[in-house]
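What follows is the content of entry_31.cif (mmCIF, C-alpha atoms and all ligand atoms).
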```cif
data_upload
#
loop_
_atom_site.label_atom_id
_atom_site.label_comp_id
_atom_site.auth_asym_id
_atom_site.auth_seq_id
_atom_site.Cartn_x
_atom_site.Cartn_y
_atom_site.Cartn_z
CA MET A 247 46.35 -15.59 35.99
CA SER A 248 45.31 -14.42 39.44
CA ALA A 249 41.98 -14.89 41.18
CA LEU A 250 40.54 -13.37 44.32
CA VAL A 251 37.91 -15.38 46.21
CA THR A 252 35.86 -13.64 48.89
CA GLY A 253 34.40 -16.12 51.37
CA GLY A 254 37.13 -18.56 50.31
CA ALA A 255 37.44 -20.13 53.77
CA GLY A 256 33.81 -21.28 53.61
CA PHE A 257 32.22 -24.44 52.29
CA VAL A 258 31.77 -23.59 48.60
CA GLY A 259 34.63 -21.04 48.52
CA SER A 260 37.34 -23.37 49.82
CA ASN A 261 36.37 -26.07 47.31
CA LEU A 262 36.65 -23.42 44.56
CA VAL A 263 40.05 -22.25 45.85
CA ASP A 264 41.42 -25.82 45.61
CA ALA A 265 40.18 -26.09 42.00
CA LEU A 266 41.70 -22.73 41.00
CA LEU A 267 45.05 -23.75 42.49
CA SER A 268 45.02 -27.05 40.67
CA ARG A 269 44.68 -25.04 37.44
CA GLY A 270 47.93 -23.29 38.35
CA MET A 271 46.33 -19.97 39.26
CA LYS A 272 47.58 -17.51 41.85
CA VAL A 273 44.82 -17.29 44.47
CA THR A 274 44.06 -14.76 47.21
CA VAL A 275 41.29 -15.38 49.75
CA LEU A 276 39.50 -12.63 51.67
CA ASP A 277 37.44 -13.97 54.57
CA ASP A 278 36.55 -12.81 58.10
CA LEU A 279 36.15 -16.41 59.35
CA SER A 280 32.69 -15.60 60.74
CA THR A 281 31.42 -18.96 59.47
CA GLY A 282 34.39 -20.12 57.39
CA ARG A 283 37.27 -22.07 58.88
CA GLU A 284 40.97 -21.51 58.42
CA VAL A 285 41.54 -25.28 58.40
CA ASN A 286 39.60 -25.41 55.09
CA LEU A 287 42.53 -23.49 53.58
CA ASP A 288 45.40 -25.50 55.07
CA SER A 289 46.23 -27.37 51.88
CA ALA A 290 45.57 -24.26 49.74
CA VAL A 291 47.96 -22.10 51.77
CA ALA A 292 50.56 -24.89 51.63
CA ALA A 293 50.11 -24.82 47.82
CA GLY A 294 50.76 -21.06 47.70
CA ALA A 295 47.38 -19.38 48.21
CA GLU A 296 47.35 -16.20 50.28
CA PHE A 297 44.79 -15.89 53.06
CA VAL A 298 43.79 -12.36 54.13
CA HIS A 299 41.65 -12.07 57.24
CA GLY A 300 39.26 -9.18 56.66
CA ASP A 301 35.73 -7.88 56.23
CA VAL A 302 34.27 -7.40 52.73
CA ALA A 303 32.28 -4.43 53.98
CA ASP A 304 35.48 -2.55 54.94
CA SER A 305 35.72 -0.67 51.65
CA THR A 306 39.15 0.89 52.33
CA ALA A 307 40.78 -2.41 53.24
CA VAL A 308 39.12 -4.13 50.26
CA ARG A 309 40.37 -1.43 47.87
CA ASP A 310 43.93 -1.64 49.33
CA LEU A 311 43.88 -5.41 48.89
CA PHE A 312 42.75 -5.18 45.25
CA GLU A 313 45.41 -2.56 44.52
CA ARG A 314 48.12 -4.78 45.93
CA VAL A 315 46.95 -8.08 44.39
CA ARG A 316 45.45 -6.82 41.09
CA PRO A 317 43.31 -9.93 40.49
CA ARG A 318 42.08 -10.61 36.95
CA VAL A 319 39.03 -12.58 38.07
CA VAL A 320 36.96 -12.20 41.23
CA PHE A 321 34.60 -14.78 42.74
CA HIS A 322 32.46 -13.02 45.32
CA LEU A 323 31.04 -15.58 47.77
CA ALA A 324 31.45 -13.86 51.15
CA ALA A 325 28.02 -13.45 52.64
CA GLN A 326 25.88 -13.55 55.70
CA ALA A 327 24.18 -16.77 54.53
CA GLN A 328 21.97 -17.75 57.45
CA VAL A 329 18.28 -17.15 56.87
CA ASN A 330 17.37 -17.09 60.59
CA ASP A 331 20.11 -14.57 61.40
CA SER A 332 18.89 -12.36 58.57
CA VAL A 333 15.40 -12.36 60.09
CA ASN A 334 16.77 -11.50 63.55
CA ASP A 335 19.12 -8.77 62.31
CA PRO A 336 18.30 -7.63 58.76
CA ALA A 337 20.61 -4.61 58.99
CA ALA A 338 23.65 -6.77 59.81
CA ASP A 339 22.70 -9.05 56.92
CA ALA A 340 22.42 -6.10 54.51
CA ARG A 341 25.74 -4.64 55.72
CA VAL A 342 27.64 -7.73 54.58
CA ASN A 343 25.52 -8.78 51.60
CA VAL A 344 24.74 -5.38 50.08
CA LEU A 345 27.45 -2.98 51.33
CA GLY A 346 30.05 -5.77 51.16
CA THR A 347 29.14 -6.47 47.53
CA ILE A 348 29.34 -2.77 46.68
CA ALA A 349 32.79 -2.54 48.30
CA VAL A 350 34.04 -5.49 46.24
CA LEU A 351 32.47 -4.17 43.00
CA GLU A 352 33.99 -0.72 43.53
CA ALA A 353 37.44 -2.17 44.15
CA ALA A 354 37.04 -4.41 41.09
CA ARG A 355 36.14 -1.61 38.69
CA ALA A 356 38.81 0.71 40.10
CA THR A 357 41.56 -1.87 39.56
CA GLY A 358 40.49 -3.16 36.13
CA VAL A 359 39.23 -6.64 37.07
CA GLU A 360 38.43 -8.55 33.86
CA ARG A 361 35.72 -10.88 35.13
CA PHE A 362 33.45 -10.73 38.19
CA ILE A 363 31.39 -13.75 39.29
CA TYR A 364 28.76 -13.25 41.97
CA VAL A 365 27.38 -16.24 43.87
CA SER A 366 23.71 -15.81 44.68
CA THR A 367 20.86 -18.06 45.69
CA GLY A 368 18.02 -19.65 43.79
CA GLY A 369 16.46 -21.30 46.81
CA ALA A 370 15.89 -18.06 48.73
CA MET A 371 15.09 -15.94 45.66
CA TYR A 372 11.99 -17.44 44.04
CA GLY A 373 9.86 -18.34 47.09
CA GLU A 374 6.83 -20.49 46.16
CA ALA A 375 7.55 -20.08 42.46
CA GLY A 376 4.56 -21.95 41.02
CA VAL A 377 6.69 -23.11 38.03
CA TYR A 378 8.89 -26.19 38.53
CA PRO A 379 11.75 -26.53 37.72
CA THR A 380 11.94 -22.75 38.15
CA PRO A 381 13.60 -20.73 35.35
CA GLU A 382 15.49 -17.44 35.84
CA THR A 383 12.52 -15.59 34.32
CA ALA A 384 10.29 -16.50 37.31
CA LEU A 385 9.09 -13.70 39.52
CA ILE A 386 11.61 -12.82 42.24
CA ARG A 387 9.93 -12.86 45.62
CA PRO A 388 12.35 -13.35 48.48
CA GLU A 389 10.75 -14.49 51.71
CA SER A 390 13.61 -13.46 54.01
CA PRO A 391 15.96 -10.49 54.43
CA TYR A 392 18.71 -12.86 53.22
CA GLY A 393 16.89 -13.43 49.90
CA ALA A 394 16.23 -9.68 49.61
CA SER A 395 19.86 -8.68 50.30
CA LYS A 396 21.20 -11.25 47.83
CA PHE A 397 18.77 -9.93 45.21
CA ALA A 398 19.75 -6.32 45.93
CA ALA A 399 23.40 -7.32 45.50
CA GLU A 400 22.54 -9.03 42.18
CA SER A 401 21.06 -5.74 40.95
CA TYR A 402 24.31 -3.90 41.70
CA VAL A 403 26.34 -6.65 40.03
CA SER A 404 24.33 -6.43 36.78
CA MET A 405 24.20 -2.62 36.93
CA TYR A 406 28.02 -2.40 36.91
CA VAL A 407 28.02 -3.84 33.37
CA GLU A 408 26.38 -0.77 31.84
CA LEU A 409 27.61 1.72 34.39
CA HIS A 410 31.30 0.79 34.44
CA GLY A 411 31.83 -1.82 31.69
CA LEU A 412 32.63 -4.53 34.25
CA SER A 413 32.12 -8.06 32.87
CA THR A 414 29.86 -9.66 35.48
CA TYR A 415 27.86 -12.86 35.82
CA THR A 416 25.65 -14.14 38.65
CA VAL A 417 25.10 -17.80 39.48
CA ARG A 418 22.07 -18.66 41.60
CA LEU A 419 22.76 -21.83 43.52
CA ALA A 420 20.27 -24.49 44.54
CA ASN A 421 20.95 -26.48 47.76
CA VAL A 422 24.64 -27.29 47.70
CA TYR A 423 26.03 -30.22 49.69
CA GLY A 424 29.34 -32.05 49.92
CA PRO A 425 32.70 -32.07 51.69
CA ARG A 426 33.28 -29.21 54.18
CA GLN A 427 29.61 -28.34 54.38
CA VAL A 428 28.54 -27.05 57.76
CA PRO A 429 25.09 -27.74 59.17
CA HIS A 430 24.00 -24.06 59.23
CA SER A 431 24.39 -23.46 55.47
CA GLU A 432 21.45 -23.30 53.05
CA GLY A 433 21.69 -26.97 52.09
CA GLY A 434 22.80 -27.83 55.66
CA VAL A 435 20.23 -30.59 56.02
CA VAL A 436 22.57 -33.03 54.25
CA ALA A 437 25.43 -32.28 56.68
CA ILE A 438 23.09 -32.71 59.65
CA PHE A 439 21.71 -36.05 58.43
CA CYS A 440 25.19 -37.35 57.49
CA GLU A 441 26.47 -36.61 60.99
CA ARG A 442 23.47 -38.29 62.60
CA ALA A 443 23.63 -41.31 60.28
CA LEU A 444 27.29 -41.93 61.10
CA ALA A 445 26.75 -41.47 64.84
CA GLY A 446 23.84 -43.94 64.76
CA HIS A 447 21.44 -41.24 66.00
CA THR A 448 17.85 -40.64 64.93
CA ALA A 449 17.33 -37.87 62.37
CA GLN A 450 14.46 -35.48 62.87
CA ILE A 451 12.49 -34.35 59.84
CA ASN A 452 10.63 -31.07 60.23
CA GLY A 453 7.06 -31.52 58.99
CA ASP A 454 5.91 -34.43 56.81
CA GLY A 455 9.18 -34.70 54.82
CA GLU A 456 7.40 -34.15 51.51
CA GLN A 457 8.98 -30.70 51.07
CA THR A 458 11.39 -30.83 48.12
CA ARG A 459 14.82 -29.40 47.34
CA ASP A 460 17.26 -29.47 44.42
CA PHE A 461 20.47 -30.95 45.85
CA VAL A 462 23.63 -30.23 43.85
CA GLU A 463 27.07 -31.53 44.81
CA VAL A 464 29.79 -28.96 45.45
CA SER A 465 32.19 -30.25 42.76
CA ASP A 466 29.46 -29.59 40.18
CA VAL A 467 29.05 -26.07 41.58
CA VAL A 468 32.80 -25.46 41.41
CA ALA A 469 32.82 -26.63 37.78
CA ALA A 470 30.05 -24.12 37.02
CA LEU A 471 31.95 -21.28 38.70
CA LEU A 472 35.11 -22.06 36.71
CA LEU A 473 33.15 -22.13 33.44
CA ALA A 474 31.38 -18.87 34.31
CA GLY A 475 34.77 -17.32 35.12
CA ASP A 476 36.27 -18.47 31.80
CA SER A 477 33.34 -17.29 29.71
CA SER A 478 32.61 -13.70 28.76
CA VAL A 479 28.81 -14.07 28.81
CA ILE A 480 27.04 -11.36 30.79
CA GLY A 481 23.96 -12.24 32.83
CA SER A 482 22.86 -14.84 35.32
CA CYS A 483 21.77 -18.46 35.56
CA ASN A 484 20.55 -21.13 37.94
CA ILE A 485 22.90 -23.87 39.10
CA GLY A 486 21.03 -26.95 40.22
CA ARG A 487 20.32 -30.48 39.04
CA GLY A 488 16.78 -29.62 38.03
CA GLU A 489 15.67 -32.67 40.04
CA GLU A 490 13.25 -32.44 42.89
CA THR A 491 14.09 -34.60 45.92
CA SER A 492 11.87 -34.77 48.98
CA ILE A 493 13.47 -34.85 52.42
CA ASN A 494 11.92 -38.32 52.87
CA GLU A 495 13.69 -39.53 49.70
CA LEU A 496 16.96 -37.92 50.81
CA VAL A 497 16.85 -39.70 54.16
CA LYS A 498 15.92 -43.00 52.51
CA THR A 499 18.90 -42.78 50.14
CA LEU A 500 21.25 -41.88 53.01
CA GLY A 501 19.93 -44.83 55.01
CA THR A 502 21.00 -47.21 52.24
CA LEU A 503 24.58 -45.89 52.44
CA VAL A 504 25.26 -46.53 56.15
CA PRO A 505 25.52 -50.06 57.61
CA ASP A 506 22.76 -49.72 60.23
CA GLY A 507 20.39 -47.53 58.20
CA LEU A 508 19.08 -44.20 59.46
CA GLU A 509 16.21 -43.96 61.92
CA ILE A 510 13.92 -40.99 61.52
CA LYS A 511 11.30 -39.22 63.55
CA TYR A 512 8.98 -36.42 62.52
CA GLY A 513 8.82 -33.06 64.32
CA PRO A 514 6.79 -29.89 63.83
CA SER A 515 7.22 -28.12 60.51
CA ARG A 516 9.26 -24.93 60.43
CA GLY A 517 7.25 -21.81 59.64
CA GLY A 518 8.11 -19.90 56.49
CA GLU A 519 9.77 -22.85 54.80
CA VAL A 520 9.24 -23.11 51.05
CA ARG A 521 7.34 -26.30 50.13
CA ARG A 522 8.91 -26.95 46.72
CA SER A 523 12.25 -25.77 45.39
CA VAL A 524 13.86 -26.98 42.18
CA LEU A 525 15.80 -24.89 39.66
CA ASP A 526 15.82 -25.17 35.88
CA PRO A 527 19.54 -25.29 34.92
CA ALA A 528 19.05 -25.14 31.10
CA LYS A 529 20.43 -21.60 30.79
CA ALA A 530 23.75 -22.61 32.39
CA PHE A 531 24.17 -25.12 29.55
CA ASP A 532 23.27 -22.53 26.91
CA ASP A 533 25.54 -19.87 28.41
CA PHE A 534 28.69 -21.91 29.08
CA GLY A 535 27.99 -25.61 28.59
CA TRP A 536 27.49 -26.60 32.24
CA ARG A 537 25.49 -29.59 33.32
CA ALA A 538 25.51 -31.41 36.69
CA GLU A 539 27.42 -34.69 36.64
CA VAL A 540 27.13 -36.06 40.18
CA ALA A 541 24.04 -38.16 40.97
CA LEU A 542 22.56 -37.82 44.46
CA HIS A 543 23.55 -41.26 45.78
CA GLU A 544 27.11 -40.78 44.48
CA GLY A 545 27.42 -37.32 46.05
CA LEU A 546 25.95 -38.52 49.34
CA SER A 547 28.38 -41.40 49.51
CA LYS A 548 31.30 -38.98 48.89
CA THR A 549 29.95 -36.65 51.58
CA LEU A 550 29.62 -39.52 54.07
CA ASP A 551 33.27 -40.44 53.38
CA HIS A 552 34.25 -36.86 54.20
CA PHE A 553 32.31 -36.89 57.49
CA ARG A 554 33.83 -40.26 58.43
N1 LIG A 601 25.52 -23.65 50.45
C1 LIG A 601 24.41 -23.44 49.75
O1 LIG A 601 23.57 -24.33 49.62
C2 LIG A 601 24.18 -22.10 49.08
C3 LIG A 601 23.01 -21.94 48.35
C4 LIG A 601 22.77 -20.73 47.72
C5 LIG A 601 23.71 -19.71 47.78
N2 LIG A 601 24.84 -19.88 48.51
C6 LIG A 601 25.80 -18.76 48.53
O2 LIG A 601 27.10 -19.29 48.36
C7 LIG A 601 28.04 -18.49 49.06
C8 LIG A 601 28.92 -19.38 49.92
O3 LIG A 601 28.10 -20.04 50.87
P1 LIG A 601 28.57 -21.29 51.73
O4 LIG A 601 27.47 -22.28 51.74
O5 LIG A 601 29.94 -21.69 51.30
O6 LIG A 601 28.58 -20.65 53.19
P2 LIG A 601 29.79 -20.36 54.20
O7 LIG A 601 29.17 -19.71 55.40
O8 LIG A 601 30.58 -21.60 54.41
O9 LIG A 601 30.67 -19.31 53.38
C9 LIG A 601 30.56 -17.91 53.49
C10 LIG A 601 31.94 -17.36 53.77
O10 LIG A 601 31.89 -15.93 53.82
C11 LIG A 601 32.65 -15.51 54.93
N3 LIG A 601 32.16 -14.19 55.35
C12 LIG A 601 30.95 -13.91 55.91
N4 LIG A 601 30.86 -12.59 56.17
C13 LIG A 601 32.03 -12.03 55.75
C14 LIG A 601 32.54 -10.71 55.75
N5 LIG A 601 31.83 -9.68 56.25
N6 LIG A 601 33.78 -10.49 55.25
C15 LIG A 601 34.52 -11.51 54.75
N7 LIG A 601 34.08 -12.79 54.73
C16 LIG A 601 32.86 -13.05 55.22
C17 LIG A 601 32.47 -16.58 55.98
O11 LIG A 601 33.45 -16.58 56.99
C18 LIG A 601 32.49 -17.84 55.11
O12 LIG A 601 33.80 -18.33 54.96
C19 LIG A 601 27.25 -17.45 49.83
O13 LIG A 601 27.29 -16.25 49.09
C20 LIG A 601 25.83 -18.01 49.85
O14 LIG A 601 24.88 -16.97 49.88
C21 LIG A 601 25.11 -21.05 49.16
#
```
Write the structure described by the file as structure tokens, please.
Amino acid sequence: MSALVTGGAGFVGSNLVDALLSRGMKVTVLDDLSTGREVNLDSAVAAGAEFVHGDVADSTAVRDLFERVRPRVVFHLAAQAQVNDSVNDPAADARVNVLGTIAVLEAARATGVERFIYVSTGGAMYGEAGVYPTPETALIRPESPYGASKFAAESYVSMYVELHGLSTYTVRLANVYGPRQVPHSEGGVVAIFCERALAGHTAQINGDGEQTRDFVEVSDVVAALLLAGDSSVIGSCNIGRGEETSINELVKTLGTLVPDGLEIKYGPSRGGEVRRSVLDPAKAFDDFGWRAEVALHEGLSKTLDHFR
């Protein structure tokens, strides 16, 4: 069985590619390396994966690639995923996240793809939700062009079910952390603090540190993507631990995992940051039996090993 992973040179994508290969699948990666790194694919390419350097918003090139490869399942992760960049240049964000998604959907339906998994965001979708942990039925109110473009893309993904009979499913991720994470990603705070902890530097917390996030380890996310790909359920779900962790708690746990502890200082809070974010993952269990397995301290210790 063959899979095509857009954004497969990135943090989450490259971890997914490794898992697909270890299942014996033929894997093709489409990535423009804007934030992804070719080195993330070294072992995958050695194991037979094909890497294609290209832009998801180039509809002709995407269509040509799908016609050549004829993937049965598509995992669409390629995205402009930086909230600040989306604020500074919303049109560039929409080009990749909306037009790029349309290009991939069009190529998928034209070449008879059997299953299409779209990777979206929970953190940037619900804003100050008011209900915690937040279910998928909560009001969608993105607070950045990034959240808006991911939501627009979700609408196209679900529309293609009725319009073209494409079997699609959207997973909305909480704050993902783990090996290969880069500091600029949505859950980038873990990568930043791991680097500082290992270098013996002070970590700066923006604001009072009582803001909360739902940290989910990347191997749990990969497991969810594989299950979503295997299933034929149509729809969407949250992927998170359903556990709220404050930045103060995160730093405290990290401090216990490095020999000299982690010193912290407090800086000004960042404007526009959501105060509480935690996703209700119950639907992922109902839809395809997924539940997070990796506890925070275990995932942090694995991530520290990677950064070492
Ligand atoms: N990491 C998180 O905490 C998190 C949370 C919610 C949602 N997500 C979503 O998960 C997906 C993967 O994110 P990530 O954290 O691995 O980030 P990442 O930046 O490591 O991965 C994104 C990948 O897409 C590629 N890309 C960007 N623009 C492209 C284009 N025009 N054409 C082809 N490739 C392009 C990048 O080079 C990169 O490899 C994204 O869709 C993101 O919105 C991530």
Among the residues A:Gln450, A:Ser413, A:Gln326, A:Ser248, the one that comes closest to ligand LIG 601 (chain A) [using only C-alpha atoms and all ligand atoms]: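 So, comparing all the options, the nearest one is A:Gln326.
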When the cut-off is 8 Å and you count all atoms listed in the file, which residues lie near ligand LIG 601 (chain A), shown as a PyMOL selection string? chain A and resi 252-260+276-283+299-303+322-328+341-343+346+364-370+396+418-423+427-428+430-434
For the atom pair CA of Val315 (chain A) and CA of Ala295 (chain A), what is the interatomic distance in Å to one decimal place?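 For CA of Val315 (chain A) relative to CA of Ala295 (chain A), the distance reads 11.9 Å.
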Could you give me, as CSV, every region 264-338 of chain A residue with an atom at most 7 Å from region 385-392 of chain A, plus its closest atom pair and distance in Å to one decimal, counting only C-alpha atoms, rows ordered by chain then number?
```
residue,atom,partner,partner_atom,distance
A:Ala327,CA,A:Tyr392,CA,6.9
A:Val329,CA,A:Tyr392,CA,5.6
A:Ser332,CA,A:Tyr392,CA,5.4
A:Val333,CA,A:Pro391,CA,6.0
A:Pro336,CA,A:Pro391,CA,5.7
```
Scan for residues within 12 Å of the point (22.8, -41.2, 62.5) in the coordinates of the file, using all atoms listed in the file, and reply as a PDB file with C-alpha atoms, keeping the file's coordinate frame.
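To be explicit, this is the file written out as point_36.pdb:
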```
ATOM      1  CA  VAL A 436      22.570 -33.030  54.250  1.00  0.00           C
ATOM      2  CA  ALA A 437      25.430 -32.280  56.680  1.00  0.00           C
ATOM      3  CA  ILE A 438      23.090 -32.710  59.650  1.00  0.00           C
ATOM      4  CA  PHE A 439      21.710 -36.050  58.430  1.00  0.00           C
ATOM      5  CA  CYS A 440      25.190 -37.350  57.490  1.00  0.00           C
ATOM      6  CA  GLU A 441      26.470 -36.610  60.990  1.00  0.00           C
ATOM      7  CA  ARG A 442      23.470 -38.290  62.600  1.00  0.00           C
ATOM      8  CA  ALA A 443      23.630 -41.310  60.280  1.00  0.00           C
ATOM      9  CA  LEU A 444      27.290 -41.930  61.100  1.00  0.00           C
ATOM     10  CA  ALA A 445      26.750 -41.470  64.840  1.00  0.00           C
ATOM     11  CA  GLY A 446      23.840 -43.940  64.760  1.00  0.00           C
ATOM     12  CA  HIS A 447      21.440 -41.240  66.000  1.00  0.00           C
ATOM     13  CA  THR A 448      17.850 -40.640  64.930  1.00  0.00           C
ATOM     14  CA  ALA A 449      17.330 -37.870  62.370  1.00  0.00           C
ATOM     15  CA  GLN A 450      14.460 -35.480  62.870  1.00  0.00           C
ATOM     16  CA  VAL A 497      16.850 -39.700  54.160  1.00  0.00           C
ATOM     17  CA  LEU A 500      21.250 -41.880  53.010  1.00  0.00           C
ATOM     18  CA  GLY A 501      19.930 -44.830  55.010  1.00  0.00           C
ATOM     19  CA  LEU A 503      24.580 -45.890  52.440  1.00  0.00           C
ATOM     20  CA  VAL A 504      25.260 -46.530  56.150  1.00  0.00           C
ATOM     21  CA  PRO A 505      25.520 -50.060  57.610  1.00  0.00           C
ATOM     22  CA  ASP A 506      22.760 -49.720  60.230  1.00  0.00           C
ATOM     23  CA  GLY A 507      20.390 -47.530  58.200  1.00  0.00           C
ATOM     24  CA  LEU A 508      19.080 -44.200  59.460  1.00  0.00           C
ATOM     25  CA  GLU A 509      16.210 -43.960  61.920  1.00  0.00           C
ATOM     26  CA  ILE A 510      13.920 -40.990  61.520  1.00  0.00           C
ATOM     27  CA  LYS A 511      11.300 -39.220  63.550  1.00  0.00           C
ATOM     28  CA  LEU A 550      29.620 -39.520  54.070  1.00  0.00           C
ATOM     29  CA  PHE A 553      32.310 -36.890  57.490  1.00  0.00           C
ATOM     30  CA  ARG A 554      33.830 -40.260  58.430  1.00  0.00           C
TER      31      ARG A 554
END
```
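We find CA of Leu525 (chain A) and CA of Val540 (chain A) to be spaced 15.9 Å apart.
The residue that comes closest to Ala528 (chain A), out of A:Glu490, A:Glu495, A:Glu400, A:Glu382 and on the basis of all atoms listed in the file, is A:Glu382.
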Rounded to one decimal place, report the CA of Asp339 (chain A)-CA of Gly358 (chain A) distance in Å.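 Going from CA of Asp339 (chain A) over to CA of Gly358 (chain A), I get 28.0 Å.
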Is it possible to get the residues within 9 Å of (29.3, -7.8, 31.3) (coordinates as in the file, counting all atoms listed in the file) written as a PDB file with C-alpha atoms, keeping the file's coordinate frame?
```pdb
ATOM      1  CA  ARG A 361      35.720 -10.880  35.130  1.00  0.00           C
ATOM      2  CA  PHE A 362      33.450 -10.730  38.190  1.00  0.00           C
ATOM      3  CA  SER A 404      24.330  -6.430  36.780  1.00  0.00           C
ATOM      4  CA  TYR A 406      28.020  -2.400  36.910  1.00  0.00           C
ATOM      5  CA  VAL A 407      28.020  -3.840  33.370  1.00  0.00           C
ATOM      6  CA  GLU A 408      26.380  -0.770  31.840  1.00  0.00           C
ATOM      7  CA  GLY A 411      31.830  -1.820  31.690  1.00  0.00           C
ATOM      8  CA  LEU A 412      32.630  -4.530  34.250  1.00  0.00           C
ATOM      9  CA  SER A 413      32.120  -8.060  32.870  1.00  0.00           C
ATOM     10  CA  THR A 414      29.860  -9.660  35.480  1.00  0.00           C
ATOM     11  CA  TYR A 415      27.860 -12.860  35.820  1.00  0.00           C
ATOM     12  CA  SER A 478      32.610 -13.700  28.760  1.00  0.00           C
ATOM     13  CA  VAL A 479      28.810 -14.070  28.810  1.00  0.00           C
ATOM     14  CA  ILE A 480      27.040 -11.360  30.790  1.00  0.00           C
ATOM     15  CA  GLY A 481      23.960 -12.240  32.830  1.00  0.00           C
TER      16      GLY A 481
END
```
Between A:Gly376, A:Gly424, A:Pro527, A:Pro514, which residue has the minimum interatomic distance to Glu544 (chain A), considering only C-alpha atoms?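 Among A:Gly376, A:Gly424, A:Pro527, A:Pro514, it is A:Gly424 that comes nearest to Glu544 (chain A).
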Which of A:Leu473, A:Asp466, A:Ser523, A:Val403 sits closest to Leu542 (chain A) [using only C-alpha atoms]: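 Comparing A:Leu473, A:Asp466, A:Ser523, A:Val403 against Leu542 (chain A), the winner is A:Asp466.
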Identify, on the basis of all atoms listed in the file, every residue whose closest approach to Ile493 (chain A) does not exceed 9 Å; exclude the query and any residue fewer than 5 positions from it along the same chain; express the result as a list of chain:residue names.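 Contacts, with the query itself left out: A:Val435, A:Ile451, A:Asp454, A:Gly455, A:Glu456, A:Gln457, A:Thr458, A:Arg459, A:Lys498.
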Store the residues of this selection in a file with C-alpha atoms, as a PDB file, in the frame of the given file.
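Dumped everything to out-v3.pdb:
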```pdb
ATOM      1  CA  VAL A 435      20.230 -30.590  56.020  1.00  0.00           C
ATOM      2  CA  ILE A 451      12.490 -34.350  59.840  1.00  0.00           C
ATOM      3  CA  ASP A 454       5.910 -34.430  56.810  1.00  0.00           C
ATOM      4  CA  GLY A 455       9.180 -34.700  54.820  1.00  0.00           C
ATOM      5  CA  GLU A 456       7.400 -34.150  51.510  1.00  0.00           C
ATOM      6  CA  GLN A 457       8.980 -30.700  51.070  1.00  0.00           C
ATOM      7  CA  THR A 458      11.390 -30.830  48.120  1.00  0.00           C
ATOM      8  CA  ARG A 459      14.820 -29.400  47.340  1.00  0.00           C
ATOM      9  CA  LYS A 498      15.920 -43.000  52.510  1.00  0.00           C
TER      10      LYS A 498
END
```
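Within the 8 Å cut-off around region 270-272 of chain A, using all atoms listed in the file and omitting residues fewer than 3 positions from it on the same chain, the listed residues are Met247, Ser248, Ala249, Leu266, Leu267, Gly294 and Ala295 of chain A.
When all atoms listed in the file are used to measure the gap to Phe397 (chain A), the shortest distance among A:Ser482, A:Gly475, A:Val468, A:Val350 belongs to A:Ser482.
Remark: for Leu496 (chain A), the closest of the candidate residues A:Phe461, A:Tyr372, A:Phe321, A:Tyr378 is A:Phe461 (distances computed over only C-alpha atoms).
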Edge lengths and centre in Å, axis-aligned, region 487-503 of chain A plus 8 Å each side, as JSON:
```
{"center_x": 18.2, "center_y": -38.4, "center_z": 46.5, "size_x": 28.7, "size_y": 33.6, "size_z": 33.0}
```
